[in-house]
Amino acid sequence: MRAWVFHKAGPPSEVLKFDTNWPKPEPSGTKILVEVHAVSLNPIGWKAMSTPPISWGQKKPCVPEADVSGIVAGGELEGTGFSIGDEVFGIVPYDTIMKSGQGVLAEYTLVESKLLAKKPTNLSHAEAASFPLAGLTAWQALVIQGGLKEGDGKKVLINGGSGGVGAYAVQIAKAHGAHVTTTSSPSSNSLVSTLGADEIVDYHSVDLPKYLAEKHGDAKFDLVFDTVGVKTMWEGSEGFLKPEGQYVDVAGPHMESFLTALSAGLDIAGRLYKPKWLGGIKRKYTLMMLHGTQRSPELQEAASLLAKGTIKPIVDQVFAFDDVHKAYERSMSGRAKGKVVVKVE
Ligand SMILES: NC(=O)c1ccc[n+]([C@@H]2O[C@H](COP(=O)([O-])OP(=O)(O)OC[C@H]3O[C@@H](n4cnc5c(N)ncnc54)[C@H](OP(=O)(O)O)[C@@H]3O)[C@@H](O)[C@H]2O)c1
C-alpha cells in the first residue's frame, strides 16, 4: 500500500518519504482495519518526528499521525457494532504510535474498535478526521480535568481559541454552558466569534496577564485552559484566576533540545511544587496529556454533538496525499485556524 514513512528523526521535509510498497497491516484481536480517507495532522506528529527529547522515544520506521476517518475494511467485527463498509472516524493514541510506529498516514490502518465511532453522516471524511485528538484533548481538559458541567455557568479563559485544540475548546466550553473569553489574532476574530466566544482578546495588542487582571480581577476565571503554553500567563494567573480555580496547560514549555527540555522540566517542577515564599504561584497547575485510550465514551458523545451540529468541525486547509510536506509546513507554521487535513485517495 501507499504510506508516508520516516526511518530517522528530522524535519518532515527531510525525513518523511512516500513509500508505494509499505506492508498493509493485518487486523488482529480488537483492532479493526480501516481504509483511510482522511487524516488530520497534530503538532505531536511532527514533534515525535523531529523534536528531541520527544523524537528520541519514537519507534522507527514510523507511519505518523493519529486522527483518521475512513471505511471499515476488516477485522473481528462481532460485538463491535461495526460492519464492513461502515464509515467511521477515530484515533490511534500517540502513546501507542510511539511504541508501535503504526500511525494513520497511509491507505490502511488499524484502530482499536473502542476508539472508533460511526462518522456522522453530515460530515465529510476530512471534517470527521479533524476532530479526535484535538477535540478529545479539549474535552479532557475542560470537562474531565476542569469539571465543566452544563448549568454551572463557569467563567473560562481559553488561551489560543483559533488553533486545532482551541477551536474545539471554545465550542465544548459553550456546549457546557460556560462564559468563554479567548485570545486570538485579529485575523481569527470572526472564526472564534462564530464558535461562540463571548469575549475575544487580541493577544498582540495588550500585555495579556495585566489586561486580564485589570478586566477580570473582580470576577476571576474558574478555569484557564492554555493551548499555547505561555509562561507569563501562568506566572500572572493569580491576578485573573480564582484561588480555587485551575490552570490546565496542554502545550507546556517549548522544547527543542536536551537543554531546553531540562529547563522545561525545572520550570514545570517550579509550577507544581515551588512554595509561595520562593515565588511560587498559589493556583492549581496541571500539565495535561491526552489519555487517548480512555477517551472512548467522550468520542461517542462528541460524535452525537457533531451529528447535531452543536460542535462544528473546523478545517483550516485540506491537502492532497501527494502534498503531505506542504501540509506539515502549514501545521508547523503555528498559524493554522482549526485543523490541517490530508485527503487519502
Ligand atoms: N498535551 C496533549 O495531550 C496535547 C494534545 C493536543 C495538542 N497539544 C499541544 O497543544 C498545542 C496546540 O495544539 P494545536 O493543535 O491547537 O496547535 P495549532 O493548531 O498549530 O495552533 C495554532 C494556533 O495557535 C494560535 N496561537 C499561536 N500563538 C499564540 C499566542 N501567543 N496566543 C494565542 N494564540 C496563539 C494561532 O492563533 P492566531 O493565528 O489567531 O494567533 C493559531 O490559530 C501544541 O503545542 C500541541 O503540541 C497537546
# chains A, B, ... in the order shown; residues from 1 in each chain; ligands from 1
>>> residues_around(residues="Ile200 (chain A)", least_positions_apart="2", cutoff="12 Å", atoms="only C-alpha atoms", output="number ranges by chain")
A: 157-162, 170, 179-198, 202-205, 208, 212
>>> residues_around(residues="Ala264 (chain A)", least_positions_apart="6", cutoff="10 Å", atoms="only C-alpha atoms", output="PyMOL selection string")
chain A and resi 252-255+258+270
>>> write_last_selection(atoms="C-alpha atoms", output="PDB file, in the first residue's frame")
ATOM      1  CA  GLY A 252       3.754  23.441  28.363  1.00  0.00           C
ATOM      2  CA  PRO A 253       7.186  24.977  27.963  1.00  0.00           C
ATOM      3  CA  HIS A 254       8.600  24.657  24.461  1.00  0.00           C
ATOM      4  CA  MET A 255      11.414  22.132  23.984  1.00  0.00           C
ATOM      5  CA  PHE A 258      18.180  18.484  25.593  1.00  0.00           C
ATOM      6  CA  GLY A 270       8.612  25.037  39.930  1.00  0.00           C
TER       7      GLY A 270
END
>>> closest_residue(among="A:Pro209, A:Glu256, A:Leu105, A:His216", to="Val230 (chain A)", atoms="only C-alpha atoms")
A:Pro209
>>> residues_near_ligand(ligand="ligand 1", cutoff="6 Å", atoms="only C-alpha atoms and all ligand atoms", output="PyMOL selection string")
chain A and resi 42-44+134+137+159-160+162-166+183-185+188+203+227-228+250-251+288-290+331+334-338
>>> atom_distance(atom1="CA of Val201 (chain A)", atom2="CA of Ala178 (chain A)")
17.0 Å
>>> closest_residue(among="A:Gln317, A:Ser13, A:Gln58, A:Thr293", to="Lys114 (chain A)", atoms="only C-alpha atoms")
A:Thr293
>>> closest_residue(among="A:Pro132, A:Glu107, A:Thr286, A:Lys60", to="Asp19 (chain A)", atoms="only C-alpha atoms")
A:Glu107
>>> residues_around(residues="Glu301 (chain A)", least_positions_apart="3", cutoff="12 Å", atoms="only C-alpha atoms", output="MDAnalysis selection string")
chainID A and resid 116:118 120 132 135:136 139 172 295:298 304:308 310:311
>>> write_last_selection(atoms="all heavy atoms", output="compact mmCIF listing (two decimals), in the first residue's frame")
# COMPACT_ATOMS: atom_id res chain seq x y z
N LEU A 116 -13.10 3.92 17.82
CA LEU A 116 -13.76 4.30 16.57
C LEU A 116 -15.21 4.64 16.88
O LEU A 116 -15.79 4.09 17.81
CB LEU A 116 -13.78 3.12 15.60
CG LEU A 116 -12.53 2.83 14.78
CD1 LEU A 116 -12.78 1.56 13.96
CD2 LEU A 116 -12.13 3.98 13.87
N ALA A 117 -15.77 5.56 16.10
CA ALA A 117 -17.21 5.85 16.20
C ALA A 117 -17.74 5.95 14.78
O ALA A 117 -16.96 6.21 13.84
CB ALA A 117 -17.43 7.15 16.95
N LYS A 118 -19.06 5.74 14.62
CA LYS A 118 -19.65 5.93 13.27
C LYS A 118 -19.47 7.39 12.89
O LYS A 118 -19.73 8.28 13.71
CB LYS A 118 -21.13 5.57 13.30
CG LYS A 118 -21.39 4.10 13.64
CD LYS A 118 -21.75 3.29 12.39
CE LYS A 118 -21.86 1.81 12.69
NZ LYS A 118 -23.10 1.41 13.32
N PRO A 120 -20.52 10.79 11.68
CA PRO A 120 -21.82 11.45 11.46
C PRO A 120 -22.02 11.69 9.96
O PRO A 120 -21.09 12.13 9.26
CB PRO A 120 -21.68 12.78 12.22
CG PRO A 120 -20.62 12.52 13.26
CD PRO A 120 -19.67 11.55 12.62
N PRO A 132 -10.71 14.02 16.33
CA PRO A 132 -10.38 13.21 17.51
C PRO A 132 -9.30 13.76 18.46
O PRO A 132 -9.62 14.04 19.61
CB PRO A 132 -9.98 11.86 16.90
CG PRO A 132 -10.79 11.79 15.65
CD PRO A 132 -10.78 13.20 15.11
N GLY A 135 -10.04 17.51 19.55
CA GLY A 135 -11.33 17.63 20.23
C GLY A 135 -11.34 16.89 21.55
O GLY A 135 -11.85 17.40 22.56
N LEU A 136 -10.75 15.68 21.58
CA LEU A 136 -10.74 14.92 22.83
C LEU A 136 -9.81 15.56 23.86
O LEU A 136 -10.04 15.48 25.06
CB LEU A 136 -10.34 13.46 22.56
CG LEU A 136 -11.37 12.66 21.76
CD1 LEU A 136 -10.85 11.25 21.48
CD2 LEU A 136 -12.71 12.58 22.49
N TRP A 139 -11.83 18.26 25.32
CA TRP A 139 -12.86 17.65 26.17
C TRP A 139 -12.26 17.23 27.52
O TRP A 139 -12.80 17.49 28.60
CB TRP A 139 -13.47 16.43 25.46
CG TRP A 139 -14.76 16.00 26.06
CD1 TRP A 139 -14.94 15.43 27.31
CD2 TRP A 139 -16.06 16.12 25.48
NE1 TRP A 139 -16.26 15.18 27.52
CE2 TRP A 139 -16.98 15.58 26.42
CE3 TRP A 139 -16.53 16.58 24.26
CZ2 TRP A 139 -18.34 15.52 26.18
CZ3 TRP A 139 -17.89 16.51 24.01
CH2 TRP A 139 -18.79 15.99 24.97
N ILE A 172 -16.75 23.34 22.95
CA ILE A 172 -17.10 22.39 24.02
C ILE A 172 -17.44 23.16 25.30
O ILE A 172 -18.40 22.82 26.00
CB ILE A 172 -15.94 21.37 24.23
CG1 ILE A 172 -15.86 20.45 23.00
CG2 ILE A 172 -16.13 20.56 25.51
CD1 ILE A 172 -14.59 19.62 22.90
N ARG A 295 -10.51 7.52 26.30
CA ARG A 295 -11.47 8.55 25.91
C ARG A 295 -12.60 8.06 25.01
O ARG A 295 -13.25 8.83 24.34
CB ARG A 295 -10.75 9.74 25.23
CG ARG A 295 -9.80 10.49 26.15
CD ARG A 295 -10.50 11.47 27.09
NE ARG A 295 -11.28 10.90 28.15
CZ ARG A 295 -10.85 10.68 29.41
NH1 ARG A 295 -9.65 10.96 29.75
NH2 ARG A 295 -11.65 10.19 30.32
N SER A 296 -12.84 6.75 25.02
CA SER A 296 -13.86 6.19 24.16
C SER A 296 -15.27 6.77 24.42
O SER A 296 -15.97 7.15 23.47
CB SER A 296 -13.82 4.68 24.34
OG SER A 296 -14.94 4.10 23.85
N PRO A 297 -15.74 6.90 25.70
CA PRO A 297 -17.10 7.44 25.89
C PRO A 297 -17.23 8.86 25.33
O PRO A 297 -18.27 9.22 24.76
CB PRO A 297 -17.28 7.45 27.42
CG PRO A 297 -16.24 6.54 27.95
CD PRO A 297 -15.11 6.54 26.97
N GLU A 298 -16.16 9.67 25.49
CA GLU A 298 -16.25 11.05 25.00
C GLU A 298 -16.28 11.10 23.48
O GLU A 298 -16.92 11.96 22.89
CB GLU A 298 -15.07 11.89 25.50
CG GLU A 298 -15.11 12.18 26.98
CD GLU A 298 -14.65 11.00 27.83
OE1 GLU A 298 -13.73 10.28 27.40
OE2 GLU A 298 -15.22 10.80 28.92
N SER A 304 -22.13 12.41 18.71
CA SER A 304 -23.54 12.82 18.66
C SER A 304 -23.66 14.36 18.62
O SER A 304 -24.53 14.90 17.95
CB SER A 304 -24.34 12.15 19.77
OG SER A 304 -24.46 12.99 20.86
N LEU A 305 -22.75 15.07 19.31
CA LEU A 305 -22.79 16.55 19.23
C LEU A 305 -22.38 17.04 17.84
O LEU A 305 -22.90 18.04 17.35
CB LEU A 305 -21.87 17.16 20.30
CG LEU A 305 -22.31 16.94 21.76
CD1 LEU A 305 -21.31 17.56 22.72
CD2 LEU A 305 -23.70 17.52 22.02
N LEU A 306 -21.44 16.31 17.20
CA LEU A 306 -21.04 16.67 15.83
C LEU A 306 -22.22 16.41 14.87
O LEU A 306 -22.48 17.20 13.96
CB LEU A 306 -19.82 15.86 15.39
CG LEU A 306 -18.47 16.29 16.00
CD1 LEU A 306 -17.45 15.16 15.94
CD2 LEU A 306 -17.90 17.53 15.32
N ALA A 307 -22.95 15.31 15.11
CA ALA A 307 -24.09 14.98 14.25
C ALA A 307 -25.19 16.03 14.38
O ALA A 307 -25.84 16.39 13.40
CB ALA A 307 -24.63 13.59 14.60
N LYS A 308 -25.37 16.54 15.61
CA LYS A 308 -26.42 17.56 15.83
C LYS A 308 -25.99 18.95 15.39
O LYS A 308 -26.80 19.88 15.36
CB LYS A 308 -26.74 17.65 17.32
CG LYS A 308 -27.59 16.51 17.84
CD LYS A 308 -27.99 16.83 19.29
CE LYS A 308 -27.91 15.60 20.15
NZ LYS A 308 -27.61 15.83 21.54
N THR A 310 -23.94 20.77 17.19
CA THR A 310 -23.57 21.54 18.38
C THR A 310 -22.07 21.83 18.35
O THR A 310 -21.61 22.90 18.75
CB THR A 310 -23.90 20.74 19.67
OG1 THR A 310 -25.21 20.23 19.53
CG2 THR A 310 -23.78 21.58 20.91
N ILE A 311 -21.29 20.84 17.90
CA ILE A 311 -19.85 21.07 17.67
C ILE A 311 -19.65 21.01 16.15
O ILE A 311 -20.09 20.06 15.50
CB ILE A 311 -18.98 19.99 18.32
CG1 ILE A 311 -19.21 19.94 19.83
CG2 ILE A 311 -17.51 20.24 18.03
CD1 ILE A 311 -18.40 18.84 20.53
>>> residues_around(residues="Asp152 (chain A)", least_positions_apart="4", cutoff="9 Å", atoms="only C-alpha atoms", output="PyMOL selection string")
chain A and resi 148+176-178
>>> write_last_selection(atoms="all heavy atoms", output="short mmCIF file (atom, residue, chain, number, x, y, z; two decimals), in the first residue's frame")
data_model
loop_
_atom_site.label_atom_id
_atom_site.label_comp_id
_atom_site.auth_asym_id
_atom_site.auth_seq_id
_atom_site.Cartn_x
_atom_site.Cartn_y
_atom_site.Cartn_z
N LEU A 148 -16.13 21.07 33.98
CA LEU A 148 -17.26 21.87 33.48
C LEU A 148 -18.52 21.01 33.41
O LEU A 148 -18.47 19.88 32.93
CB LEU A 148 -16.98 22.38 32.06
CG LEU A 148 -16.03 23.55 31.86
CD1 LEU A 148 -16.17 24.07 30.44
CD2 LEU A 148 -16.26 24.64 32.87
N HIS A 176 -21.16 23.37 27.21
CA HIS A 176 -21.35 23.07 28.63
C HIS A 176 -21.77 24.32 29.41
O HIS A 176 -21.63 24.37 30.64
CB HIS A 176 -20.08 22.45 29.22
CG HIS A 176 -19.90 21.03 28.79
ND1 HIS A 176 -19.38 20.68 27.57
CD2 HIS A 176 -20.24 19.86 29.41
CE1 HIS A 176 -19.38 19.37 27.46
NE2 HIS A 176 -19.89 18.84 28.55
N GLY A 177 -22.24 25.33 28.69
CA GLY A 177 -22.84 26.49 29.34
C GLY A 177 -21.87 27.49 29.94
O GLY A 177 -22.25 28.31 30.77
N ALA A 178 -20.58 27.42 29.56
CA ALA A 178 -19.60 28.34 30.15
C ALA A 178 -19.66 29.72 29.48
O ALA A 178 -20.13 29.87 28.35
CB ALA A 178 -18.20 27.75 29.99
#
>>> closest_residue(among="A:Lys17, A:His291, A:Arg283, A:His37", to="Ser69 (chain A)", atoms="only C-alpha atoms")
A:His37
>>> select_by_dssp(residues="region 279-343 of chain A", states="strand (DSSP E or B)", output="PyMOL selection string")
chain A and resi 284-287+315-319+339-343
>>> write_last_selection(atoms="N, CA and C atoms", output="PDB file, in the first residue's frame")
ATOM      1  N   LYS A 284      -3.807  25.924  41.249  1.00  0.00           N
ATOM      2  CA  LYS A 284      -3.582  24.532  40.836  1.00  0.00           C
ATOM      3  C   LYS A 284      -3.175  24.489  39.363  1.00  0.00           C
ATOM      4  N   TYR A 285      -1.997  23.916  39.097  1.00  0.00           N
ATOM      5  CA  TYR A 285      -1.484  23.826  37.729  1.00  0.00           C
ATOM      6  C   TYR A 285      -1.444  22.353  37.307  1.00  0.00           C
ATOM      7  N   THR A 286      -1.960  22.073  36.110  1.00  0.00           N
ATOM      8  CA  THR A 286      -1.872  20.709  35.567  1.00  0.00           C
ATOM      9  C   THR A 286      -1.298  20.779  34.160  1.00  0.00           C
ATOM     10  N   LEU A 287      -0.216  20.059  33.932  1.00  0.00           N
ATOM     11  CA  LEU A 287       0.281  19.879  32.561  1.00  0.00           C
ATOM     12  C   LEU A 287      -0.349  18.576  32.090  1.00  0.00           C
ATOM     13  N   VAL A 315     -11.880  23.108   9.856  1.00  0.00           N
ATOM     14  CA  VAL A 315     -10.790  22.673   8.973  1.00  0.00           C
ATOM     15  C   VAL A 315     -10.123  23.910   8.386  1.00  0.00           C
ATOM     16  N   ASP A 316      -8.825  24.003   8.588  1.00  0.00           N
ATOM     17  CA  ASP A 316      -8.048  25.141   8.064  1.00  0.00           C
ATOM     18  C   ASP A 316      -7.834  24.957   6.558  1.00  0.00           C
ATOM     19  N   GLN A 317      -7.251  23.821   6.189  1.00  0.00           N
ATOM     20  CA  GLN A 317      -6.962  23.547   4.781  1.00  0.00           C
ATOM     21  C   GLN A 317      -6.919  22.039   4.568  1.00  0.00           C
ATOM     22  N   VAL A 318      -7.302  21.607   3.356  1.00  0.00           N
ATOM     23  CA  VAL A 318      -7.215  20.181   3.013  1.00  0.00           C
ATOM     24  C   VAL A 318      -6.147  20.017   1.939  1.00  0.00           C
ATOM     25  N   PHE A 319      -5.206  19.099   2.164  1.00  0.00           N
ATOM     26  CA  PHE A 319      -4.113  18.856   1.208  1.00  0.00           C
ATOM     27  C   PHE A 319      -4.282  17.469   0.572  1.00  0.00           C
ATOM     28  N   LYS A 339      -7.992  22.747  11.904  1.00  0.00           N
ATOM     29  CA  LYS A 339      -7.130  21.615  11.618  1.00  0.00           C
ATOM     30  C   LYS A 339      -6.659  21.538  10.169  1.00  0.00           C
ATOM     31  N   VAL A 340      -5.416  21.067  10.035  1.00  0.00           N
ATOM     32  CA  VAL A 340      -4.830  20.793   8.723  1.00  0.00           C
ATOM     33  C   VAL A 340      -5.119  19.321   8.406  1.00  0.00           C
ATOM     34  N   VAL A 341      -5.721  19.088   7.236  1.00  0.00           N
ATOM     35  CA  VAL A 341      -6.189  17.733   6.895  1.00  0.00           C
ATOM     36  C   VAL A 341      -5.542  17.263   5.590  1.00  0.00           C
ATOM     37  N   VAL A 342      -5.274  15.956   5.524  1.00  0.00           N
ATOM     38  CA  VAL A 342      -4.760  15.342   4.288  1.00  0.00           C
ATOM     39  C   VAL A 342      -5.803  14.345   3.800  1.00  0.00           C
ATOM     40  N   LYS A 343      -6.170  14.464   2.518  1.00  0.00           N
ATOM     41  CA  LYS A 343      -7.120  13.506   1.927  1.00  0.00           C
ATOM     42  C   LYS A 343      -6.323  12.326   1.395  1.00  0.00           C
TER      43      LYS A 343
END
>>> atom_distance(atom1="CA of Ala48 (chain A)", atom2="CA of Met98 (chain A)")
7.7 Å
>>> select_by_dssp(residues="region 50-233 of chain A", states="helix (DSSP H, G or I)", output="PyMOL selection string")
chain A and resi 50+54-57+94-100+113-115+125-129+132-145+164-175+186-194+208-216+231-233
>>> atom_distance(atom1="CA of Lys99 (chain A)", atom2="CA of Phe321 (chain A)")
24.8 Å
>>> closest_residue(among="A:Val5, A:Ala138, A:Ala175, A:Ile97", to="Glu150 (chain A)", atoms="only C-alpha atoms")
A:Ala175
>>> decode(residues="region 16-34 of chain A", atoms="N, CA, C and O atoms", output="tab-separated table (two decimals), in the first residue's frame")
chain	number	residue	atom	x	y	z
A	16	LEU	N	10.53	12.53	5.96
A	16	LEU	CA	9.27	11.84	5.68
A	16	LEU	C	9.19	11.50	4.19
A	16	LEU	O	9.21	12.38	3.34
A	17	LYS	N	9.14	10.20	3.87
A	17	LYS	CA	9.21	9.73	2.48
A	17	LYS	C	7.92	8.99	2.11
A	17	LYS	O	7.31	8.33	2.96
A	18	PHE	N	7.60	9.09	0.82
A	18	PHE	CA	6.42	8.40	0.28
A	18	PHE	C	6.84	7.00	-0.12
A	18	PHE	O	7.78	6.84	-0.91
A	19	ASP	N	6.20	5.97	0.43
A	19	ASP	CA	6.55	4.59	0.13
A	19	ASP	C	5.36	3.94	-0.56
A	19	ASP	O	4.26	3.93	-0.01
A	20	THR	N	5.58	3.43	-1.79
A	20	THR	CA	4.44	2.85	-2.53
A	20	THR	C	4.31	1.35	-2.27
A	20	THR	O	3.42	0.70	-2.81
A	21	ASN	N	5.19	0.81	-1.43
A	21	ASN	CA	5.19	-0.64	-1.21
A	21	ASN	C	5.26	-0.98	0.29
A	21	ASN	O	5.94	-1.92	0.67
A	22	TRP	N	4.61	-0.18	1.10
A	22	TRP	CA	4.62	-0.40	2.55
A	22	TRP	C	3.63	-1.52	2.88
A	22	TRP	O	2.55	-1.58	2.29
A	23	PRO	N	3.99	-2.45	3.79
A	23	PRO	CA	3.06	-3.58	4.04
A	23	PRO	C	1.71	-3.14	4.60
A	23	PRO	O	1.66	-2.29	5.50
A	24	LYS	N	0.64	-3.72	4.05
A	24	LYS	CA	-0.70	-3.42	4.54
A	24	LYS	C	-0.86	-4.10	5.91
A	24	LYS	O	-0.51	-5.27	6.05
A	25	PRO	N	-1.36	-3.38	6.94
A	25	PRO	CA	-1.45	-4.02	8.27
A	25	PRO	C	-2.51	-5.11	8.30
A	25	PRO	O	-3.51	-5.03	7.59
A	26	GLU	N	-2.25	-6.11	9.14
A	26	GLU	CA	-3.18	-7.25	9.30
A	26	GLU	C	-3.96	-7.07	10.59
A	26	GLU	O	-3.35	-6.96	11.66
A	27	PRO	N	-5.31	-7.03	10.53
A	27	PRO	CA	-6.05	-6.86	11.78
A	27	PRO	C	-5.92	-8.10	12.67
A	27	PRO	O	-5.81	-9.21	12.17
A	28	SER	N	-5.90	-7.86	13.99
A	28	SER	CA	-5.91	-8.99	14.93
A	28	SER	C	-6.53	-8.49	16.24
A	28	SER	O	-6.52	-7.30	16.52
A	29	GLY	N	-7.06	-9.42	17.02
A	29	GLY	CA	-7.66	-9.07	18.31
A	29	GLY	C	-8.76	-8.03	18.15
A	29	GLY	O	-9.65	-8.17	17.32
A	30	THR	N	-8.63	-6.94	18.93
A	30	THR	CA	-9.69	-5.93	18.94
A	30	THR	C	-9.42	-4.81	17.93
A	30	THR	O	-10.14	-3.81	17.91
A	31	LYS	N	-8.39	-4.98	17.11
A	31	LYS	CA	-8.05	-3.92	16.15
A	31	LYS	C	-8.79	-4.11	14.83
A	31	LYS	O	-8.81	-5.20	14.27
A	32	ILE	N	-9.36	-3.01	14.36
A	32	ILE	CA	-10.16	-3.04	13.13
A	32	ILE	C	-9.35	-2.42	12.00
A	32	ILE	O	-8.65	-1.40	12.20
A	33	LEU	N	-9.43	-3.04	10.81
A	33	LEU	CA	-8.74	-2.49	9.64
A	33	LEU	C	-9.61	-1.39	9.03
A	33	LEU	O	-10.79	-1.60	8.76
A	34	VAL	N	-9.01	-0.21	8.87
A	34	VAL	CA	-9.75	0.92	8.30
A	34	VAL	C	-9.09	1.36	7.00
A	34	VAL	O	-7.86	1.56	6.96
